[in-house]
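Notes follow once the structure below has been shown.
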Amino acid sequence: MSDRIQLTIAAGTGKTGSPEPFDRLVFPAGRTVAIVGPTGSGKTRLLADIERLSPGDSPTRRQVFLDNAPAGLVDADRAVARISQSMQFFLDLTVGEFLELHRDGLGIPAADVDFDNIVAQANLLAGEPFYADTPLAALSGGQARALMISDVLGISKAPVLLVDEIENAGIDRHAALDILGGKDRLVFLATHDPLLALRADVRLVLGGGAIRTVVETTPGERKLADRLASADRRTILMRESLRRGEILA
Amino acid sequence: MTVIIVGGPPSAGKTRVIHKALDTNTFDSPVGVAKLDCVEGGDEKQWQARGVPVRSILAGDLCPDHMLMEQFPALLAWAEELALGTIVIETAGLCGRCAPYLHQALALAVLDATAGIAAPRKFGPLLEDADLVVMTRGDLVSQAEREAFAANVRAINPRARRIWLDGRTGEGSQSMAMALREALVQIRCRTGSEGSPALCGPRTPLPQLYCSYCLGRDQVGIAVL
Ligand SMILES: Nc1nc2c(ncn2[C@@H]2O[C@H](COP(=O)(O)OP(=O)(O)OP(=O)(O)O)[C@@H](O)[C@H]2O)c(=O)[nH]1
Ligand SMILES: [Mg+2]
């Protein structure tokens with residue numbers, strides 16, 4: 001039996017050059033890690049360091065190591081997937097053509113990928129349905145993000161997932177977190193949303209470009225997260241009623 | 001003498017690539033930079049500021065690839081005079097018909113990912129004949145776009161190593177330094193320790209003839225001289 005993956009961050013420096021207050025942080029598979037901090041505190045930079053498994057040549061000088069990942073994935077730069085929604089340079093492709101291009105570009109055999117399933121899963125996350133022959137240019141931001149999530153899970157199958165501010169994506173973020181997590185995966189989630197931060201197992205608190213504090217989610221916080229989630233679901237139901245033209249009170 | 005020829009479209013990040021290679025102490029001997037331009041570029045100051053000897057060549061009425069072939073012996077003489085061990089030649093990067101690479105110089109192509117995922121299919125010998133491809137501005141596109149861009153680069157030139165470099169922050173410069181050092185060892189094996197780049201020809205044949213437009217004709221649409 002192979003060991004499960006594990007990601008290590010060796011301390012770098014913040015914007016003023018002062019070192020981060022730890023030696024190394026170790027994250028085993030199965031965890032969801034929230035990255036919190038005000039705008040400009042270095043959340044996106046941290047995601048970028050993790051994405052490249054940085055050898056220490058980024059402005060933070062952090063080093064990131066991934067252990068026990070299948071060598072094939074690491075060599076092909078496929079062990080870490082970043083979920084974004086920018087597709088402005090794919091110009092004229094349809095959803096199906098994009099998936100094909102992505103699959104072939106990564107050198108994955110056609111038989112290993114089920115496009116119908118990827119599109120169906122994306123549609124569970126976003127509002128209006130889209131299809132394999134929908135042009136990418138016609139997707140909304142939310143649909144594009146849903147497609148990228150489903151694409152990463154269905155095609156690159158990376159064990160480490162990076163998600164930047166999913167709350168602004170216009171998709172069902174609870175459903176998204178449910179399908180992204182899993183015992184063999186490690187999810188990093190930069191977020192401003194307390195609900196998402198509390199749903200994580202641990203949170204990294206950033207400031208001045210550095211990781212300042214590492215906080216394990218407490219049992220009390222988990223209960224709080226449940227309460228917030230049910231309030232959130234009520235808000236979502238109200239939004240749907242409004243969209244149907246209903247009067248709420 | 002080790003010669004590195006950096007090709008790539010205008011503004012692809014060629015100058016930044018050379019800066020990052022210097023930052024990571026990639027070269028084991030004193031380095032000079034030569035820049036070929038079609039119009040006055042004003043890059044010299046950057047190199048002077050770093051204390052790197054620099055030489056500018058303006059192509060004038062000639063195609064810059066042609067100009068490089070003509071001026072190459074003079075560049076070597078310049079480098080020898082200054083006792084340089086490495087010359088990095090940054091080309092003007094142009095039409096796609098030819099490429100500026102020489103057989104016994106390391107050929108490095110710099111490509112900008114924001115040119116679009118189909119762009120690698122349009123660069124011709126600039127990409128096909130390169131030993132090493134550095135892809136820039138990956139920070140401005142998504143991971144899926146980077147993957148598609150790199151796959152298209154590989155489809156056109158499966159032989160060359162591909163490296164992502166952020167020309168502003170230097171992310172990727174360690175991998176680039178490693179790839180450059182390896183590629184330089186290979187080039188030196190090919191050249192032999194005594195080998196003189198002065199004796200080698202272009203990898204991509206330049207046009208065989210001058211046409212009458214090269215020679216200054218100013219009327220279009222005349223099929224026969
Ligand atoms: N965002 C971003 N900008 C970059 C990157 N690489 C280069 N640039 C910027 O792009 C501009 C052009 O870079 P140069 O290195 O001067 O390009 P060049 O190929 O040498 O240009 P010419 O010699 O004029 O053809 C500069 O302002 C760089 O800072 C990158 O990876 N990301
Ligand atoms: Mg330049």
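Residues in the structure tokens are named by chain (A, B, ... in the order shown) and by number from 1 within that chain; ligands are numbered from 1 in the order shown.
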
- Near range 142-158 of chain B, counting only C-alpha atoms, which residues have an atom at most 7 Å away, once you skip same-chain residues fewer than 5 positions from it, shown as a ChimeraX atom specification? /A:82,84,86-87,101-102,105 /B:113,117,120-121,127-128

- Message: Show me, as JSON, numbers by chain, the residues that have an atom within 10 Å of Gln63 in chain A when counting only C-alpha atoms, minus same-chain residues fewer than 2 positions from it.
- Response: {"A": [8, 9, 10, 11, 12, 24, 49, 50, 52, 53, 54, 55, 56, 57, 58, 60, 61, 65]}

Could you give me the residues within 8 Å of ligand 2, counting only C-alpha atoms and all ligand atoms, as a compact mmCIF listing (two decimals) with all heavy atoms, in the first residue's frame?
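Dumped to part_15.txt:
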```txt
# COMPACT_ATOMS: atom_id res chain seq x y z
N PRO B 10 8.54 40.38 -30.57
CA PRO B 10 8.75 41.61 -29.79
C PRO B 10 7.97 41.56 -28.47
O PRO B 10 6.85 41.07 -28.43
CB PRO B 10 8.18 42.71 -30.70
CG PRO B 10 8.27 42.15 -32.08
CD PRO B 10 8.09 40.67 -31.94
N SER B 11 8.61 42.02 -27.42
CA SER B 11 7.96 42.13 -26.10
C SER B 11 7.56 40.80 -25.47
O SER B 11 6.74 40.77 -24.57
CB SER B 11 6.72 43.03 -26.15
OG SER B 11 7.11 44.33 -26.47
N GLY B 13 9.38 39.00 -23.65
CA GLY B 13 10.03 38.85 -22.35
C GLY B 13 11.49 38.43 -22.47
O GLY B 13 12.09 38.00 -21.49
N LYS B 14 12.07 38.59 -23.66
CA LYS B 14 13.44 38.13 -23.89
C LYS B 14 14.44 38.78 -22.93
O LYS B 14 15.28 38.11 -22.33
CB LYS B 14 13.86 38.43 -25.35
CG LYS B 14 12.99 37.76 -26.39
CD LYS B 14 13.44 38.08 -27.80
CE LYS B 14 13.25 39.53 -28.21
NZ LYS B 14 11.84 39.96 -28.24
N THR B 15 14.31 40.11 -22.79
CA THR B 15 15.25 40.82 -21.92
C THR B 15 15.10 40.34 -20.48
O THR B 15 16.09 40.12 -19.77
CB THR B 15 15.02 42.34 -22.02
OG1 THR B 15 15.16 42.72 -23.39
CG2 THR B 15 16.02 43.10 -21.19
N ARG B 16 13.85 40.14 -20.04
CA ARG B 16 13.63 39.67 -18.67
C ARG B 16 14.24 38.28 -18.47
O ARG B 16 14.77 37.97 -17.40
CB ARG B 16 12.13 39.63 -18.33
CG ARG B 16 11.39 40.95 -18.45
CD ARG B 16 11.98 42.05 -17.62
NE ARG B 16 12.13 41.66 -16.21
CZ ARG B 16 12.92 42.25 -15.35
NH1 ARG B 16 13.68 43.27 -15.73
NH2 ARG B 16 12.96 41.86 -14.11
N LYS B 35 22.37 43.07 -28.58
CA LYS B 35 20.95 43.19 -28.91
C LYS B 35 20.80 43.64 -30.36
O LYS B 35 21.39 44.64 -30.77
CB LYS B 35 20.30 44.21 -27.96
CG LYS B 35 18.91 44.66 -28.35
CD LYS B 35 17.86 43.57 -28.19
CE LYS B 35 16.52 44.10 -28.72
NZ LYS B 35 15.43 43.19 -28.72
N GLY B 41 16.09 50.60 -29.72
CA GLY B 41 15.35 50.04 -28.60
C GLY B 41 15.67 50.69 -27.26
O GLY B 41 14.82 50.80 -26.39
N ASP B 43 17.76 49.53 -24.99
CA ASP B 43 17.97 48.55 -23.92
C ASP B 43 19.34 48.66 -23.25
O ASP B 43 19.55 48.10 -22.18
CB ASP B 43 17.87 47.12 -24.49
CG ASP B 43 16.43 46.62 -24.49
OD1 ASP B 43 15.55 47.39 -24.07
OD2 ASP B 43 16.22 45.47 -24.89
N GLU B 90 20.41 38.83 -27.97
CA GLU B 90 18.96 38.99 -28.00
C GLU B 90 18.59 39.51 -29.37
O GLU B 90 19.03 40.57 -29.79
CB GLU B 90 18.49 39.97 -26.92
CG GLU B 90 16.97 40.12 -26.94
CD GLU B 90 16.43 41.15 -25.96
OE1 GLU B 90 17.11 41.45 -24.96
OE2 GLU B 90 15.32 41.65 -26.22
N ALA B 92 15.91 40.51 -32.67
CA ALA B 92 14.75 41.39 -32.80
C ALA B 92 13.47 40.58 -32.85
O ALA B 92 12.42 41.04 -32.43
CB ALA B 92 14.89 42.24 -34.05
```

- Among range 26-75 of chain A, which ones does DSSP place in strand (DSSP E), written as an MDAnalysis selection string? chainID A and resid 26:28 32:36 63:67

Written selection (all heavy atoms) as a CSV table (one decimal), in the first residue's frame:
```csv
chain,number,residue,atom,x,y,z
A,26,VAL,N,3.1,21.0,7.8
A,26,VAL,CA,2.9,19.7,7.0
A,26,VAL,C,1.4,19.5,6.9
A,26,VAL,O,0.6,19.6,7.9
A,26,VAL,CB,3.6,18.5,7.7
A,26,VAL,CG1,3.3,17.2,7.0
A,26,VAL,CG2,5.1,18.8,7.8
A,27,PHE,N,0.9,19.2,5.7
A,27,PHE,CA,-0.5,19.0,5.5
A,27,PHE,C,-0.7,17.6,4.9
A,27,PHE,O,-0.3,17.4,3.7
A,27,PHE,CB,-1.1,20.0,4.5
A,27,PHE,CG,-0.9,21.4,5.0
A,27,PHE,CD1,0.2,22.1,4.6
A,27,PHE,CD2,-1.7,22.0,5.9
A,27,PHE,CE1,0.5,23.4,5.0
A,27,PHE,CE2,-1.5,23.3,6.4
A,27,PHE,CZ,-0.4,24.0,5.9
A,28,PRO,N,-1.4,16.7,5.6
A,28,PRO,CA,-1.6,15.3,5.0
A,28,PRO,C,-2.9,15.4,4.1
A,28,PRO,O,-3.7,16.3,4.2
A,28,PRO,CB,-1.9,14.5,6.2
A,28,PRO,CG,-2.3,15.4,7.3
A,28,PRO,CD,-1.8,16.8,7.0
A,32,THR,N,-8.9,19.9,4.4
A,32,THR,CA,-9.2,21.2,3.7
A,32,THR,C,-8.6,22.3,4.5
A,32,THR,O,-8.8,22.4,5.7
A,32,THR,CB,-10.8,21.3,3.6
A,32,THR,OG1,-11.3,20.2,2.9
A,32,THR,CG2,-11.1,22.6,2.9
A,33,VAL,N,-7.8,23.1,3.8
A,33,VAL,CA,-7.1,24.2,4.5
A,33,VAL,C,-7.6,25.5,4.0
A,33,VAL,O,-7.5,25.8,2.8
A,33,VAL,CB,-5.6,24.1,4.2
A,33,VAL,CG1,-4.8,25.1,4.9
A,33,VAL,CG2,-5.1,22.7,4.5
A,34,ALA,N,-8.1,26.4,4.8
A,34,ALA,CA,-8.6,27.7,4.4
A,34,ALA,C,-7.4,28.7,4.5
A,34,ALA,O,-6.5,28.5,5.4
A,34,ALA,CB,-9.7,28.2,5.3
A,35,ILE,N,-7.4,29.6,3.6
A,35,ILE,CA,-6.4,30.7,3.6
A,35,ILE,C,-7.1,32.0,3.8
A,35,ILE,O,-7.9,32.3,2.9
A,35,ILE,CB,-5.5,30.7,2.3
A,35,ILE,CG1,-4.9,29.3,2.2
A,35,ILE,CG2,-4.5,31.8,2.3
A,35,ILE,CD1,-4.2,29.1,0.8
A,36,VAL,N,-6.9,32.6,5.0
A,36,VAL,CA,-7.7,33.8,5.2
A,36,VAL,C,-6.8,35.0,5.5
A,36,VAL,O,-5.6,34.9,5.8
A,36,VAL,CB,-8.7,33.7,6.4
A,36,VAL,CG1,-9.6,32.5,6.2
A,36,VAL,CG2,-7.9,33.5,7.7
A,63,GLN,N,9.5,27.4,0.2
A,63,GLN,CA,9.7,26.1,-0.6
A,63,GLN,C,8.5,25.2,-0.3
A,63,GLN,O,8.1,25.1,0.9
A,63,GLN,CB,11.0,25.5,-0.2
A,63,GLN,CG,12.2,26.2,-0.7
A,63,GLN,CD,13.4,25.5,-0.2
A,63,GLN,OE1,13.7,25.6,0.9
A,63,GLN,NE2,14.2,24.9,-1.1
A,64,VAL,N,8.0,24.6,-1.3
A,64,VAL,CA,6.9,23.7,-1.1
A,64,VAL,C,7.2,22.3,-1.7
A,64,VAL,O,7.7,22.2,-2.8
A,64,VAL,CB,5.6,24.2,-1.9
A,64,VAL,CG1,4.4,23.3,-1.7
A,64,VAL,CG2,5.3,25.7,-1.4
A,65,PHE,N,7.0,21.3,-0.9
A,65,PHE,CA,7.3,19.9,-1.3
A,65,PHE,C,6.1,19.0,-1.2
A,65,PHE,O,5.2,19.2,-0.4
A,65,PHE,CB,8.3,19.3,-0.3
A,65,PHE,CG,9.5,20.1,0.0
A,65,PHE,CD1,9.5,20.9,1.1
A,65,PHE,CD2,10.6,20.1,-0.9
A,65,PHE,CE1,10.6,21.7,1.4
A,65,PHE,CE2,11.7,20.9,-0.6
A,65,PHE,CZ,11.7,21.7,0.5
A,66,LEU,N,6.0,18.1,-2.2
A,66,LEU,CA,4.9,17.2,-2.2
A,66,LEU,C,5.5,15.8,-2.1
A,66,LEU,O,6.3,15.4,-2.9
A,66,LEU,CB,4.1,17.3,-3.4
A,66,LEU,CG,2.8,16.5,-3.5
A,66,LEU,CD1,1.8,16.8,-2.4
A,66,LEU,CD2,2.2,16.7,-4.9
A,67,ASP,N,5.1,15.0,-1.0
A,67,ASP,CA,5.6,13.7,-0.9
A,67,ASP,C,4.5,12.6,-1.2
A,67,ASP,O,3.3,12.9,-1.0
A,67,ASP,CB,6.0,13.4,0.6
A,67,ASP,CG,7.2,14.3,0.9
A,67,ASP,OD1,8.2,14.4,0.1
A,67,ASP,OD2,7.2,15.0,2.0
```

- Query: Using only C-alpha atoms and all ligand atoms, which of B:Asp112, B:Asp23, B:Asp218, B:Asp65 sits nearest ligand 1?
  - Reply: B:Asp112

- Item | Nearby residues, ligand 1, 12 Å, only C-alpha atoms and all ligand atoms, as a VMD selection string | chain B and resid 6 to 20 34 to 44 46 56 89 to 94 109 to 114 134 to 141 146 163 to 173
